$ cat model-v1.json   # JSON, C-alpha atoms
[["chain", "number", "residue", "atom", "x", "y", "z"],
["A", 1, "MET", "CA", -6.62, -4.21, 5.99],
["A", 2, "SER", "CA", -6.80, -6.31, 9.08],
["A", 3, "ILE", "CA", -9.80, -7.27, 11.21],
["A", 4, "ALA", "CA", -8.07, -5.80, 14.27],
["A", 5, "SER", "CA", -8.14, -2.07, 14.85],
["A", 6, "PRO", "CA", -4.98, -0.18, 13.95],
["A", 7, "LEU", "CA", -3.02, 1.35, 16.82],
["A", 8, "GLN", "CA", -2.23, 4.43, 14.75],
["A", 9, "THR", "CA", -3.37, 5.99, 11.48],
["A", 10, "ILE", "CA", -1.65, 8.56, 9.30],
["A", 11, "ALA", "CA", -3.85, 10.54, 6.92],
["A", 12, "VAL", "CA", -2.35, 11.13, 3.48],
["A", 13, "GLY", "CA", -3.48, 12.67, 0.22],
["A", 14, "VAL", "CA", -2.76, 10.78, -2.99],
["A", 15, "ILE", "CA", -1.61, 12.35, -6.26],
["A", 16, "VAL", "CA", -2.35, 10.42, -9.47],
["A", 17, "GLU", "CA", -0.98, 11.07, -12.95],
["A", 18, "ARG", "CA", -2.75, 10.45, -16.25],
["A", 19, "THR", "CA", -0.65, 10.23, -19.41],
["A", 20, "LYS", "CA", -1.75, 9.76, -22.97],
["A", 21, "GLY", "CA", -1.54, 6.16, -24.12],
["A", 22, "THR", "CA", 0.89, 5.26, -26.87],
["A", 23, "SER", "CA", -0.98, 2.22, -28.15],
["A", 24, "GLN", "CA", -4.22, 1.76, -30.01],
["A", 25, "TRP", "CA", -5.70, -0.25, -27.12],
["A", 26, "THR", "CA", -5.67, 2.43, -24.45],
["A", 27, "ASP", "CA", -6.36, 6.13, -24.42],
["A", 28, "PHE", "CA", -4.77, 6.93, -21.05],
["A", 29, "LEU", "CA", -2.40, 5.37, -18.54],
["A", 30, "TRP", "CA", -2.95, 6.07, -14.87],
["A", 31, "ARG", "CA", -0.53, 5.73, -11.98],
["A", 32, "PRO", "CA", -0.10, 7.05, -8.44],
["A", 33, "VAL", "CA", 2.95, 9.33, -8.29],
["A", 34, "SER", "CA", 3.13, 10.65, -4.72],
["A", 35, "VAL", "CA", 1.45, 11.09, -1.38],
["A", 36, "LEU", "CA", 1.01, 14.27, 0.61],
["A", 37, "VAL", "CA", 1.39, 14.35, 4.36],
["A", 38, "GLY", "CA", -1.92, 15.40, 5.86],
["A", 39, "VAL", "CA", -5.28, 16.17, 4.33],
["A", 40, "PRO", "CA", -5.47, 19.06, 1.86],
["A", 41, "ALA", "CA", -8.68, 21.09, 1.60],
["A", 42, "THR", "CA", -9.26, 19.92, -1.98],
["A", 43, "ALA", "CA", -12.08, 17.82, -3.36],
["A", 44, "PRO", "CA", -11.14, 14.33, -4.62],
["A", 45, "TRP", "CA", -10.23, 14.14, -8.32],
["A", 46, "THR", "CA", -9.42, 17.82, -8.58],
["A", 47, "LYS", "CA", -7.14, 18.52, -11.53],
["A", 48, "LEU", "CA", -3.83, 19.93, -10.27],
["A", 49, "SER", "CA", -1.86, 20.41, -13.48],
["A", 50, "ASP", "CA", -2.06, 19.69, -17.19],
["A", 51, "ASP", "CA", 0.74, 20.14, -19.71],
["A", 52, "GLY", "CA", -0.98, 18.36, -22.59],
["A", 53, "GLU", "CA", 0.83, 15.05, -22.08],
["A", 54, "HIS", "CA", 0.67, 14.61, -18.29],
["A", 55, "THR", "CA", -2.27, 15.54, -16.08],
["A", 56, "THR", "CA", -2.10, 15.23, -12.30],
["A", 57, "PHE", "CA", -5.09, 14.84, -10.02],
["A", 58, "PHE", "CA", -5.62, 14.85, -6.28],
["A", 59, "ALA", "CA", -7.23, 11.40, -6.01],
["A", 60, "GLY", "CA", -8.40, 11.73, -2.41],
["A", 61, "VAL", "CA", -7.49, 10.93, 1.16],
["A", 62, "ALA", "CA", -6.51, 7.57, 2.64],
["A", 63, "ASP", "CA", -5.32, 6.43, 6.05],
["A", 64, "ILE", "CA", -2.11, 4.49, 6.46],
["A", 65, "GLU", "CA", -3.02, 2.04, 9.21],
["A", 66, "LEU", "CA", -0.24, 0.84, 11.50],
["A", 67, "TYR", "CA", -0.55, -2.45, 13.39],
["A", 68, "ARG", "CA", 1.69, -3.75, 16.17],
["A", 69, "THR", "CA", 1.92, -7.19, 14.53],
["A", 70, "GLU", "CA", 3.28, -5.70, 11.28],
["A", 71, "THR", "CA", 6.22, -3.83, 12.83],
["A", 72, "PRO", "CA", 8.86, -6.24, 11.42],
["A", 73, "TYR", "CA", 7.63, -5.43, 7.90],
["A", 74, "TYR", "CA", 7.66, -1.68, 8.57],
["A", 75, "GLN", "CA", 11.19, -2.00, 9.95],
["A", 76, "GLU", "CA", 12.36, -3.85, 6.81],
["A", 77, "ASN", "CA", 10.76, -1.19, 4.62],
["A", 78, "LEU", "CA", 12.48, 1.63, 6.53],
["A", 79, "ALA", "CA", 15.82, -0.22, 6.48],
["A", 80, "SER", "CA", 15.69, -0.65, 2.70],
["A", 81, "GLY", "CA", 17.27, 2.77, 2.15],
["A", 82, "ALA", "CA", 14.38, 3.95, -0.03],
["A", 83, "PRO", "CA", 11.16, 3.37, 1.97],
["A", 84, "LEU", "CA", 8.02, 3.03, -0.12],
["A", 85, "LEU", "CA", 4.27, 3.26, 0.24],
["A", 86, "TRP", "CA", 1.94, 1.04, -1.77],
["A", 87, "VAL", "CA", -1.07, 2.83, -3.28],
["A", 88, "ALA", "CA", -4.00, 0.81, -4.62],
["A", 89, "LEU", "CA", -6.63, 2.17, -6.98],
["A", 90, "ARG", "CA", -9.72, 0.19, -7.96],
["A", 91, "PRO", "CA", -11.29, 0.61, -11.41],
["A", 92, "THR", "CA", -14.80, 2.06, -11.55],
["A", 93, "GLU", "CA", -17.38, 2.04, -14.31],
["A", 94, "THR", "CA", -17.87, 5.80, -13.97],
["A", 95, "ASP", "CA", -15.82, 8.97, -14.13],
["A", 96, "PRO", "CA", -13.28, 9.18, -12.51],
["A", 97, "PRO", "CA", -12.10, 5.79, -13.73],
["A", 98, "TYR", "CA", -10.49, 4.81, -10.40],
["A", 99, "ALA", "CA", -11.40, 4.92, -6.73],
["A", 100, "LEU", "CA", -8.71, 5.21, -4.07],
["A", 101, "LEU", "CA", -8.68, 1.87, -2.27],
["A", 102, "THR", "CA", -5.83, 2.02, 0.26],
["A", 103, "VAL", "CA", -2.30, 3.17, 1.07],
["A", 104, "THR", "CA", 0.02, 0.97, 3.10],
["A", 105, "ALA", "CA", 3.57, 1.00, 4.45],
["A", 106, "ASP", "CA", 3.59, -2.79, 4.83],
["A", 107, "PRO", "CA", 5.49, -4.46, 1.94],
["A", 108, "ALA", "CA", 3.71, -7.79, 2.53],
["A", 109, "GLU", "CA", 0.29, -6.15, 2.33],
["A", 110, "GLY", "CA", 1.41, -4.19, -0.73],
["A", 111, "GLU", "CA", 2.42, -7.42, -2.45],
["A", 112, "GLY", "CA", -0.89, -9.00, -1.47],
["A", 113, "LEU", "CA", -2.78, -6.12, -3.08],
["A", 114, "THR", "CA", -1.25, -6.99, -6.45],
["A", 115, "GLU", "CA", -3.08, -10.33, -6.48],
["A", 116, "ALA", "CA", -6.56, -8.79, -6.59],
["A", 117, "GLY", "CA", -6.98, -8.79, -10.37],
["A", 118, "ASN", "CA", -7.77, -5.42, -11.93],
["A", 119, "ASP", "CA", -6.63, -3.14, -9.09],
["A", 120, "LEU", "CA", -3.84, -0.72, -9.98],
["A", 121, "VAL", "CA", -1.09, -1.01, -7.34],
["A", 122, "GLU", "CA", 2.04, 1.15, -7.50],
["A", 123, "THR", "CA", 4.76, 2.15, -5.10],
["A", 124, "VAL", "CA", 5.58, 5.77, -4.34],
["A", 125, "PRO", "CA", 8.38, 7.23, -2.22],
["A", 126, "MET", "CA", 7.55, 7.53, 1.48],
["A", 127, "PRO", "CA", 7.79, 11.20, 2.60],
["A", 128, "MET", "CA", 10.23, 11.91, 5.44],
["A", 129, "ALA", "CA", 7.46, 12.91, 7.89],
["A", 130, "ILE", "CA", 5.77, 9.53, 7.36],
["A", 131, "GLN", "CA", 9.12, 7.72, 7.67],
["A", 132, "GLU", "CA", 9.62, 9.40, 11.05],
["A", 133, "ALA", "CA", 6.09, 8.52, 12.23],
["A", 134, "VAL", "CA", 6.45, 4.88, 11.13],
["A", 135, "ALA", "CA", 9.93, 4.65, 12.73],
["A", 136, "ALA", "CA", 8.55, 6.01, 16.02],
["A", 137, "PHE", "CA", 5.73, 3.46, 15.86],
["A", 138, "VAL", "CA", 8.22, 0.64, 15.29],
["A", 139, "VAL", "CA", 10.38, 1.76, 18.22],
["A", 140, "GLU", "CA", 7.36, 1.90, 20.49],
["A", 141, "HIS", "CA", 5.65, -1.35, 19.44],
["A", 142, "TYR", "CA", 8.30, -3.69, 17.99],
["A", 143, "VAL", "CA", 8.54, -7.09, 19.68],
["A", 144, "GLU", "CA", 11.24, -9.53, 18.55],
["A", 145, "ARG", "CA", 9.68, -12.86, 17.73],
["A", 146, "THR", "CA", 11.77, -15.97, 17.95],
["A", 147, "PHE", "CA", 11.35, -18.66, 15.36],
["A", 148, "ALA", "CA", 10.10, -21.94, 16.82],
["A", 149, "LYS", "CA", 10.25, -24.87, 14.44],
["A", 150, "ARG", "CA", 7.34, -27.20, 14.89],
["A", 151, "LYS", "CA", 7.93, -30.93, 15.13],
["A", 152, "ARG", "CA", 5.62, -33.45, 13.58],
["A", 153, "ASP", "CA", 3.81, -35.91, 15.79],
["A", 154, "ARG", "CA", 5.08, -39.44, 15.46],
["A", 155, "ILE", "CA", 2.59, -41.73, 13.80],
["A", 156, "ASP", "CA", 1.88, -44.99, 15.56],
["A", 157, "PRO", "CA", 1.92, -47.63, 12.77],
["A", 158, "GLU", "CA", -0.18, -49.97, 14.94],
["A", 159, "ALA", "CA", -2.97, -47.38, 15.17],
["A", 160, "LEU", "CA", -3.17, -47.21, 11.36],
["A", 161, "ALA", "CA", -3.74, -50.97, 10.96]]

$ encode --input "model-v1.json" --output "structure tokens"
Amino acid sequence: MSIASPLQTIAVGVIVERTKGTSQWTDFLWRPVSVLVGVPATAPWTKLSDDGEHTTFFAGVADIELYRTETPYYQENLASGAPLLWVALRPTETDPPYALLTVTADPAEGEGLTEAGNDLVETVPMPMAIQEAVAAFVVEHYVERTFAKRKRDRIDPEALA
């Protein structure tokens, strides 16, 4: 969610699960469970399955935006052995109770999304086709950045007097 334009976007569909709550304070628990590669021809919040305890919905379509400056984070995510996507849902006052906010492959952005208060942010496994697309993006755009430690300016004690 940068001000700059992404160099590449990957459209994904998001699957959300609703389970019955086990406490007296909540009727249902919601969580993203997976993403689909591409855009299915299904309306957002279409019920996909219902077994009485678990109901899955197609929550809608989001774009994973890839930025050249975030390639080190994508590379770390891919190198983790179990790459993840972060899905953020924002509560609404209407039905359906959540709106699809964003999907990201950047772990730093995913962590930042958790600080927004009431948003529901969960990780889901990154499908292999998206792993391959992100890996190709990293290979094409990755630039090694060297760490340059800044030095403080010396204060002239005479100038402070």

$ closest_residue --input "model-v1.json" --among "A:Ser23, A:Val33, A:Ala88, A:Thr146" --to "Glu115 of chain A" --atoms "all atoms listed in the file"
A:Ala88

$ residues_around --input "model-v1.json" --residues "Val12 of chain A" --least-positions-apart "3" --cutoff "9 Å" --atoms "all atoms listed in the file" --output "list of chain:residue names"
A:Val35, A:Leu36, A:Val37, A:Gly38, A:Val39, A:Pro40, A:Gly60, A:Val61, A:Ala62, A:Asp63, A:Ile64, A:Val103

$ closest_residue --input "model-v1.json" --among "A:Leu113, A:Thr56, A:Val134, A:Val16" --to "Pro83 of chain A" --atoms "all atoms listed in the file"
A:Val134

$ atom_distance --input "model-v1.json" --atom1 "atom CA of Trp45 of chain A" --atom2 "atom CA of Trp86 of chain A"
19.0 Å

$ axis_aligned_box --input "model-v1.json" --around "segment 123-141 of chain A" --padding-each-side "3 Å" --output "lines of an AutoDock Vina configuration file"
center_x = 7.6
center_y = 5.8
center_z = 7.7
size_x = 11.6
size_y = 20.3
size_z = 31.6
